[in-house]
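> Have a look at this one before I ask anything.
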Amino acid sequence: MKASILPDKSTIEKIVAVVFALVVWQAGAMLLGESLLLVAPTDVIRRLFTLLPEQDFISSAGFSFLRIVSGFLLALVIGAMLSALAGKIHVIEVMLRPFIVTIKSVPVASFIILCLIWLSSKSLSIFISFLMVLPIVYTNLLQGIKSTDPKMLEMADIFRIGWLRRLKYIYLPQLKPYLVSACSVAIGLAWKSGIAAEVIGVTDGSIGEKLYEAKIYLSTGDLFAWTVVIVALSVAFEKLFLYIVKSFIAGLEKS
């Protein structure tokens, strides 16, 4: 049976939604008639294509990408370790609770301004991305660990199953939806907070610096163009990372 070359229903719906959003954006720009307030999508696309060949485009995008992704991955590893410890030892969960609640409650701008006193602007986006992602990963994975069937764990104790087999056959299938959900939310938040840190800290050679310059020079086209770049990088990394995570877990389950 030949595979259909036509896109599926979900893909068609996404395309229609994007086209509709662009039409609304274009109509709004035309009605407003002031590019300083709302630039048309066609102008943004033209500006984006002029940005791509510029010498510092790749360096700025790469600078921000490496630091924000580093902060996310660091939070993922440490959050997973802390949730495993908290799930095993209740005292650790109790002691960590005030820190997690504080990080979740305090505005990101407050953390950025405070961290500017301690850190250089170049490392600011790493730490802020890490800080914003950590509670999401920790709370989601801890909830997944707590939701593990106690009868399965009791059976593992009776048959003296090692921790590697427990991780593979009991915890990973249970944690998969929690991990995917946490990463899906956390990646977007990492980019939002990381770029905000670069803008407030005016980090040299970053996307945040480009956004700050666009504000200073009232260049709305540049502001929207760099925002499109941020969205593209964030979505591309999210899709790639979640594909790797799902494939890795599926491979372990089959082996």
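We label chains A, B, ... in the order they appear in the structure tokens, count residues from 1 in each chain, and number ligands from 1 in the order shown.
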Show which residues sit within 12 Å of A:Ser64, as a short mmCIF file (atom, residue, chain, number, x, y, z; two decimals) with N, CA and C atoms, in the first residue's frame. Count only C-alpha atoms, and ignore same-chain residues fewer than 6 positions away.


```cif
data_model
loop_
_atom_site.label_atom_id
_atom_site.label_comp_id
_atom_site.auth_asym_id
_atom_site.auth_seq_id
_atom_site.Cartn_x
_atom_site.Cartn_y
_atom_site.Cartn_z
N PHE A 57 25.37 37.70 12.95
CA PHE A 57 24.09 37.02 13.17
C PHE A 57 24.32 35.64 13.79
N ILE A 58 25.19 34.84 13.16
CA ILE A 58 25.45 33.49 13.66
C ILE A 58 26.08 33.54 15.04
N SER A 70 22.55 25.37 27.78
CA SER A 70 23.39 24.88 28.88
C SER A 70 22.65 25.02 30.21
N GLY A 71 22.00 26.16 30.43
CA GLY A 71 21.23 26.36 31.65
C GLY A 71 20.09 25.36 31.77
N SER A 121 27.69 39.50 33.10
CA SER A 121 26.54 39.47 32.19
C SER A 121 26.62 38.29 31.22
N LYS A 122 27.83 37.81 30.91
CA LYS A 122 27.98 36.71 29.96
C LYS A 122 27.47 35.37 30.51
N SER A 123 27.54 35.20 31.82
CA SER A 123 27.06 33.95 32.42
C SER A 123 25.67 34.09 33.02
N LEU A 124 25.09 35.28 32.92
CA LEU A 124 23.79 35.55 33.55
C LEU A 124 22.69 34.69 32.96
N SER A 125 22.64 34.58 31.63
CA SER A 125 21.55 33.82 30.99
C SER A 125 21.61 32.34 31.34
N ILE A 126 22.81 31.80 31.55
CA ILE A 126 22.94 30.39 31.96
C ILE A 126 22.28 30.18 33.31
N SER A 129 18.34 30.85 33.27
CA SER A 129 17.64 29.72 32.62
C SER A 129 17.61 28.51 33.54
N ALA A 190 12.88 28.63 29.56
CA ALA A 190 14.33 28.87 29.56
C ALA A 190 14.69 29.96 28.56
N TRP A 191 14.08 29.91 27.38
CA TRP A 191 14.36 30.93 26.36
C TRP A 191 13.83 32.30 26.78
N LYS A 192 12.61 32.33 27.32
CA LYS A 192 12.04 33.60 27.76
C LYS A 192 12.91 34.26 28.83
N SER A 193 13.25 33.49 29.85
CA SER A 193 14.02 34.05 30.97
C SER A 193 15.46 34.34 30.56
N GLY A 194 16.04 33.47 29.73
CA GLY A 194 17.42 33.69 29.30
C GLY A 194 17.58 34.94 28.46
N ILE A 195 16.66 35.15 27.51
CA ILE A 195 16.71 36.35 26.68
C ILE A 195 16.43 37.59 27.52
N ALA A 196 15.49 37.49 28.47
CA ALA A 196 15.20 38.63 29.36
C ALA A 196 16.45 39.01 30.15
N ALA A 197 17.20 38.01 30.60
CA ALA A 197 18.44 38.28 31.33
C ALA A 197 19.45 39.00 30.45
N GLU A 198 19.54 38.59 29.18
CA GLU A 198 20.47 39.25 28.26
C GLU A 198 20.06 40.69 27.96
N VAL A 199 18.75 40.93 27.87
CA VAL A 199 18.27 42.29 27.60
C VAL A 199 18.56 43.20 28.79
N THR A 203 23.96 41.97 27.57
CA THR A 203 25.09 41.06 27.36
C THR A 203 25.69 41.24 25.97
N ASP A 204 26.98 41.54 25.91
CA ASP A 204 27.66 41.74 24.63
C ASP A 204 27.59 40.49 23.76
N GLY A 205 27.27 40.67 22.48
CA GLY A 205 27.30 39.57 21.51
C GLY A 205 26.14 38.62 21.62
N SER A 206 25.04 39.02 22.26
CA SER A 206 23.90 38.14 22.45
C SER A 206 22.67 38.64 21.68
N ILE A 207 21.66 37.79 21.59
CA ILE A 207 20.40 38.21 20.99
C ILE A 207 19.76 39.29 21.84
N GLY A 208 19.90 39.16 23.15
CA GLY A 208 19.35 40.16 24.04
C GLY A 208 19.89 41.55 23.77
N GLU A 209 21.18 41.63 23.45
CA GLU A 209 21.78 42.92 23.11
C GLU A 209 21.15 43.49 21.84
N LYS A 210 20.87 42.62 20.86
CA LYS A 210 20.24 43.07 19.62
C LYS A 210 18.84 43.62 19.88
N TRP A 226 14.32 39.61 15.20
CA TRP A 226 15.05 38.84 16.20
C TRP A 226 14.10 38.00 17.06
N VAL A 229 13.56 34.89 15.23
CA VAL A 229 14.72 34.02 15.40
C VAL A 229 14.65 33.28 16.73
N ILE A 230 14.27 33.98 17.80
CA ILE A 230 14.15 33.36 19.12
C ILE A 230 13.11 32.24 19.10
N LEU A 233 14.44 29.21 17.06
CA LEU A 233 15.44 28.44 17.81
C LEU A 233 14.81 27.65 18.94
N SER A 234 13.87 28.27 19.65
CA SER A 234 13.21 27.61 20.77
C SER A 234 12.39 26.41 20.29
#
```

> Would you list the contacts of A:Ile78 as a PDB file with N, CA and C atoms, in the first residue's frame, taking every protein, DNA or RNA residue within 9 Å and counting only C-alpha atoms, but skipping same-chain residues closer than 3 positions in sequence?


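Output saved as part33.pdb:
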```pdb
ATOM      1  N   LEU A  73      19.867  22.288  30.315  1.00  0.00           N
ATOM      2  CA  LEU A  73      20.387  20.931  30.537  1.00  0.00           C
ATOM      3  C   LEU A  73      20.917  20.759  31.958  1.00  0.00           C
ATOM      4  N   LEU A  74      21.562  21.796  32.479  1.00  0.00           N
ATOM      5  CA  LEU A  74      22.061  21.745  33.855  1.00  0.00           C
ATOM      6  C   LEU A  74      20.897  21.597  34.832  1.00  0.00           C
ATOM      7  N   ALA A  75      19.819  22.347  34.612  1.00  0.00           N
ATOM      8  CA  ALA A  75      18.638  22.256  35.474  1.00  0.00           C
ATOM      9  C   ALA A  75      17.977  20.888  35.350  1.00  0.00           C
ATOM     10  N   MET A  81      18.198  14.705  39.713  1.00  0.00           N
ATOM     11  CA  MET A  81      18.907  14.161  40.880  1.00  0.00           C
ATOM     12  C   MET A  81      18.201  14.542  42.186  1.00  0.00           C
ATOM     13  N   LEU A  82      17.797  15.802  42.292  1.00  0.00           N
ATOM     14  CA  LEU A  82      17.124  16.259  43.512  1.00  0.00           C
ATOM     15  C   LEU A  82      15.768  15.581  43.694  1.00  0.00           C
ATOM     16  N   SER A  83      15.033  15.400  42.600  1.00  0.00           N
ATOM     17  CA  SER A  83      13.729  14.735  42.702  1.00  0.00           C
ATOM     18  C   SER A  83      13.885  13.276  43.106  1.00  0.00           C
ATOM     19  N   LEU A 134      14.641  24.720  36.882  1.00  0.00           N
ATOM     20  CA  LEU A 134      14.832  23.763  37.978  1.00  0.00           C
ATOM     21  C   LEU A 134      13.534  23.374  38.696  1.00  0.00           C
ATOM     22  N   VAL A 137      11.236  21.035  36.459  1.00  0.00           N
ATOM     23  CA  VAL A 137      11.740  19.665  36.332  1.00  0.00           C
ATOM     24  C   VAL A 137      11.592  18.923  37.654  1.00  0.00           C
ATOM     25  N   TYR A 138      11.985  19.572  38.726  1.00  0.00           N
ATOM     26  CA  TYR A 138      11.957  18.938  40.055  1.00  0.00           C
ATOM     27  C   TYR A 138      10.540  18.523  40.448  1.00  0.00           C
TER      28      TYR A 138
END
```

> Per residue of stretch 125-243 of chain A within 8 Å of stretch 47-54 of chain A, record the nearest atom pair and its distance in Å to one decimal, counting only C-alpha atoms, with rows in chain order and ascending residue number, as a Markdown table.


```
| residue | atom | partner | partner_atom | distance |
| --- | --- | --- | --- | --- |
| A:Gly221 | CA | A:Arg47 | CA | 6.5 |
| A:Asp222 | CA | A:Arg47 | CA | 6.9 |
| A:Ala225 | CA | A:Leu48 | CA | 5.3 |
| A:Trp226 | CA | A:Leu48 | CA | 7.7 |
```

> Could those selected residues go to a file with N, CA and C atoms, as a short mmCIF file (atom, residue, chain, number, x, y, z; two decimals), in the first residue's frame?


```
data_model
loop_
_atom_site.label_atom_id
_atom_site.label_comp_id
_atom_site.auth_asym_id
_atom_site.auth_seq_id
_atom_site.Cartn_x
_atom_site.Cartn_y
_atom_site.Cartn_z
N GLY A 221 11.33 46.75 13.10
CA GLY A 221 11.60 45.63 12.19
C GLY A 221 12.64 44.68 12.76
N ASP A 222 13.73 45.24 13.32
CA ASP A 222 14.75 44.41 13.94
C ASP A 222 14.20 43.67 15.15
N ALA A 225 12.11 40.83 13.89
CA ALA A 225 12.95 39.85 13.19
C ALA A 225 13.72 38.98 14.18
N TRP A 226 14.32 39.61 15.20
CA TRP A 226 15.05 38.84 16.20
C TRP A 226 14.10 38.00 17.06
#
```

> What's around stretch 101-111 of chain A at 9 Å? Count only C-alpha atoms, leave out sequence neighbours fewer than 3 positions away in its own chain, and write the answer as a ChimeraX atom specification.

/A:96-98,114-116,128,131-132,134-136,193,196-197,200

> For atom CA of A:Val133 and atom CA of A:Leu211, quote the distance in Å rounded to one decimal.

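Interatomic distance here is 22.8 Å.
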
> Can you work out which one of A:Ile92, A:Ala232, A:Gly188, A:Leu153 has the shortest atom-to-atom distance to A:Ala61, counting only C-alpha atoms?

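Once distances to A:Ala61 are computed over only C-alpha atoms, the minimum belongs to A:Ala232.
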
> Which is closest to A:Leu142 among A:Arg67, A:Lys88, A:Lys168, A:Lys246, if we use only C-alpha atoms?

A:Lys88
